[in-house]
Amino acid sequence: METYLTLLLLGTALFVLEIFVPGGIAGLFGGLLCLLAAWKAVASFDGWIGLALALLAVVVACGMVFLVVRVFPSTRVGKKLSLDTDLKESRADDQSLAALKGAEGVADTQLRPAGFATIGGRRVDVVTRGDEIPAGTPVRVVEIEGNRVVVARR
């Protein structure tokens, strides 16, 4: 009985630890310990007592998964520990870069083939089409692909 309780309590503790140390490893081991407790209950106790204790261990494991995944994130503490920003409307590309097409500027660093250039009074991360361009060389924006600004010598 002591081994059963120890395994069940350790499994539950690992589920609780999973809340604070995300990654799934603690929760996985917690579930395995609860299943091991269920096996230990069936192996140690005869008849319906062993089955009832095994069922209890499985219910505890399932309940902890439910609490950690569904209930905890909506609690006050869970909200403080998780990111609540909705990123559905966010965009990774900078829309203001499209206005730079055809603009001229100066290479701030040596472009081999990537580096920085000042274009329209703004420092921009740029690439060339494979050319090496020394710092201080006048450049022109020839292509914009998302956040990729392609320049060439003027």
# chains A, B, ... in the order shown; residues from 1 in each chain; ligands from 1
$ residues_around --residues "range 3-10 of chain A" --least-positions-apart "3" --cutoff "7 Å" --atoms "only C-alpha atoms" --output "number ranges by chain"
A: 13-14, 30, 33-34, 37, 40-41, 57
$ write_last_selection --atoms "C-alpha atoms" --output "JSON list (two decimals), in the first residue's frame"
[["chain", "number", "residue", "atom", "x", "y", "z"],
["A", 13, "ALA", "CA", 3.42, 16.06, -7.83],
["A", 14, "LEU", "CA", 5.02, 15.74, -11.28],
["A", 30, "GLY", "CA", 3.72, 11.82, -13.76],
["A", 33, "LEU", "CA", 4.00, 6.90, -12.31],
["A", 34, "CYS", "CA", 0.20, 6.94, -11.99],
["A", 37, "ALA", "CA", 0.65, 2.81, -9.31],
["A", 40, "LYS", "CA", 1.07, -2.04, -8.49],
["A", 41, "ALA", "CA", -2.49, -1.94, -7.08],
["A", 57, "ALA", "CA", -4.89, 5.94, -10.07]]
$ residues_around --residues "range 70-81 of chain A" --least-positions-apart "5" --cutoff "10 Å" --atoms "only C-alpha atoms" --output "mmCIF file with C-alpha atoms, in the first residue's frame"
data_model
loop_
_atom_site.group_PDB
_atom_site.id
_atom_site.type_symbol
_atom_site.label_atom_id
_atom_site.label_comp_id
_atom_site.auth_asym_id
_atom_site.auth_seq_id
_atom_site.Cartn_x
_atom_site.Cartn_y
_atom_site.Cartn_z
ATOM 1 C CA ILE A 19 2.558 23.672 -14.637
ATOM 2 C CA PHE A 20 5.723 25.535 -13.685
ATOM 3 C CA MET A 64 -4.568 15.936 -13.460
ATOM 4 C CA VAL A 65 -4.192 16.103 -17.248
#
$ select_by_dssp --residues "chain A" --states "strand (DSSP E or B)" --output "PyMOL selection string"
chain A and resi 104-107+111+114-119+122-127+133+138-145+148-153
$ closest_residue --among "A:Gly31, A:Pro113, A:Gly120, A:Gly105" --to "Gly136 in chain A" --atoms "only C-alpha atoms"
A:Gly105
$ select_by_dssp --residues "range 57-119 of chain A" --states "alpha helix (DSSP H)" --output "PyMOL selection string"
chain A and resi 57-66+76-81
$ residues_around --residues "Ala114 in chain A" --least-positions-apart "3" --cutoff "9 Å" --atoms "only C-alpha atoms" --output "PDB file with N, CA and C atoms, in the first residue's frame"
ATOM      1  N   THR A 109      27.588  49.188 -44.036  1.00  0.00           N
ATOM      2  CA  THR A 109      28.596  48.152 -43.775  1.00  0.00           C
ATOM      3  C   THR A 109      28.949  47.508 -45.107  1.00  0.00           C
ATOM      4  N   GLN A 110      30.018  46.732 -45.112  1.00  0.00           N
ATOM      5  CA  GLN A 110      30.349  45.998 -46.325  1.00  0.00           C
ATOM      6  C   GLN A 110      29.259  44.953 -46.539  1.00  0.00           C
ATOM      7  N   LEU A 111      28.697  44.899 -47.718  1.00  0.00           N
ATOM      8  CA  LEU A 111      27.636  43.951 -48.036  1.00  0.00           C
ATOM      9  C   LEU A 111      28.272  42.742 -48.715  1.00  0.00           C
ATOM     10  N   ASP A 125      18.242  46.420 -42.961  1.00  0.00           N
ATOM     11  CA  ASP A 125      18.980  45.177 -43.174  1.00  0.00           C
ATOM     12  C   ASP A 125      18.777  44.784 -44.631  1.00  0.00           C
ATOM     13  N   VAL A 126      19.868  44.704 -45.406  1.00  0.00           N
ATOM     14  CA  VAL A 126      19.755  44.466 -46.848  1.00  0.00           C
ATOM     15  C   VAL A 126      20.642  43.304 -47.281  1.00  0.00           C
ATOM     16  N   VAL A 127      20.369  42.814 -48.492  1.00  0.00           N
ATOM     17  CA  VAL A 127      21.218  41.798 -49.129  1.00  0.00           C
ATOM     18  C   VAL A 127      21.438  42.208 -50.571  1.00  0.00           C
ATOM     19  N   THR A 128      22.488  41.669 -51.168  1.00  0.00           N
ATOM     20  CA  THR A 128      22.727  41.866 -52.593  1.00  0.00           C
ATOM     21  C   THR A 128      22.403  40.557 -53.302  1.00  0.00           C
ATOM     22  N   GLY A 130      24.435  38.622 -54.515  1.00  0.00           N
ATOM     23  CA  GLY A 130      25.683  37.867 -54.496  1.00  0.00           C
ATOM     24  C   GLY A 130      26.911  38.747 -54.628  1.00  0.00           C
ATOM     25  N   GLU A 132      29.660  41.663 -53.765  1.00  0.00           N
ATOM     26  CA  GLU A 132      30.220  42.281 -52.573  1.00  0.00           C
ATOM     27  C   GLU A 132      30.269  43.773 -52.826  1.00  0.00           C
TER      28      GLU A 132
END
$ residues_around --residues "Arg153 in chain A" --least-positions-apart "6" --cutoff "9 Å" --atoms "only C-alpha atoms" --output "VMD selection string"
chain A and resid 128 131 133 137 to 140
$ write_last_selection --atoms "C-alpha atoms" --output "PDB file, in the first residue's frame"
ATOM      1  CA  THR A 128      22.727  41.866 -52.593  1.00  0.00           C
ATOM      2  CA  ASP A 131      27.850  40.922 -55.162  1.00  0.00           C
ATOM      3  CA  ILE A 133      29.638  46.008 -52.085  1.00  0.00           C
ATOM      4  CA  THR A 137      28.947  52.763 -51.846  1.00  0.00           C
ATOM      5  CA  PRO A 138      25.675  54.219 -53.196  1.00  0.00           C
ATOM      6  CA  VAL A 139      22.999  51.511 -53.586  1.00  0.00           C
ATOM      7  CA  ARG A 140      19.471  51.241 -54.990  1.00  0.00           C
TER       8      ARG A 140
END
$ decode --residues "range 72-108 of chain A" --atoms "C-alpha atoms" --output "PDB file, in the first residue's frame"
ATOM      1  CA  PHE A  72      -5.267  25.846 -14.789  1.00  0.00           C
ATOM      2  CA  PRO A  73      -4.647  28.198 -17.762  1.00  0.00           C
ATOM      3  CA  SER A  74      -7.934  30.020 -17.058  1.00  0.00           C
ATOM      4  CA  THR A  75      -7.169  30.632 -13.368  1.00  0.00           C
ATOM      5  CA  ARG A  76      -5.661  33.882 -12.081  1.00  0.00           C
ATOM      6  CA  VAL A  77      -2.258  32.278 -11.513  1.00  0.00           C
ATOM      7  CA  GLY A  78      -2.437  30.468 -14.846  1.00  0.00           C
ATOM      8  CA  LYS A  79      -3.137  33.714 -16.676  1.00  0.00           C
ATOM      9  CA  LYS A  80      -0.106  35.339 -15.064  1.00  0.00           C
ATOM     10  CA  LEU A  81       2.128  32.434 -16.092  1.00  0.00           C
ATOM     11  CA  SER A  82       0.984  32.292 -19.710  1.00  0.00           C
ATOM     12  CA  LEU A  83       1.012  34.577 -22.704  1.00  0.00           C
ATOM     13  CA  ASP A  84      -2.415  36.063 -23.283  1.00  0.00           C
ATOM     14  CA  THR A  85      -1.649  37.988 -26.454  1.00  0.00           C
ATOM     15  CA  ASP A  86      -3.652  36.887 -29.469  1.00  0.00           C
ATOM     16  CA  LEU A  87      -1.324  36.722 -32.463  1.00  0.00           C
ATOM     17  CA  LYS A  88      -3.928  35.817 -35.104  1.00  0.00           C
ATOM     18  CA  GLU A  89      -3.842  39.277 -36.670  1.00  0.00           C
ATOM     19  CA  SER A  90      -0.068  39.789 -36.428  1.00  0.00           C
ATOM     20  CA  ARG A  91       2.191  39.879 -39.454  1.00  0.00           C
ATOM     21  CA  ALA A  92       5.854  38.987 -39.600  1.00  0.00           C
ATOM     22  CA  ASP A  93       6.710  41.200 -42.555  1.00  0.00           C
ATOM     23  CA  ASP A  94       7.248  44.944 -42.315  1.00  0.00           C
ATOM     24  CA  GLN A  95       4.753  46.575 -44.684  1.00  0.00           C
ATOM     25  CA  SER A  96       6.692  49.877 -44.687  1.00  0.00           C
ATOM     26  CA  LEU A  97       9.570  48.220 -46.552  1.00  0.00           C
ATOM     27  CA  ALA A  98       7.479  48.026 -49.744  1.00  0.00           C
ATOM     28  CA  ALA A  99       7.750  51.820 -50.071  1.00  0.00           C
ATOM     29  CA  LEU A 100      11.536  51.517 -50.396  1.00  0.00           C
ATOM     30  CA  LYS A 101      11.416  49.839 -53.830  1.00  0.00           C
ATOM     31  CA  GLY A 102      13.496  51.969 -56.208  1.00  0.00           C
ATOM     32  CA  ALA A 103      14.819  54.153 -53.364  1.00  0.00           C
ATOM     33  CA  GLU A 104      18.494  54.989 -53.158  1.00  0.00           C
ATOM     34  CA  GLY A 105      20.848  55.031 -50.220  1.00  0.00           C
ATOM     35  CA  VAL A 106      24.348  54.231 -49.000  1.00  0.00           C
ATOM     36  CA  ALA A 107      25.812  50.950 -47.717  1.00  0.00           C
ATOM     37  CA  ASP A 108      26.655  51.403 -44.008  1.00  0.00           C
TER      38      ASP A 108
END
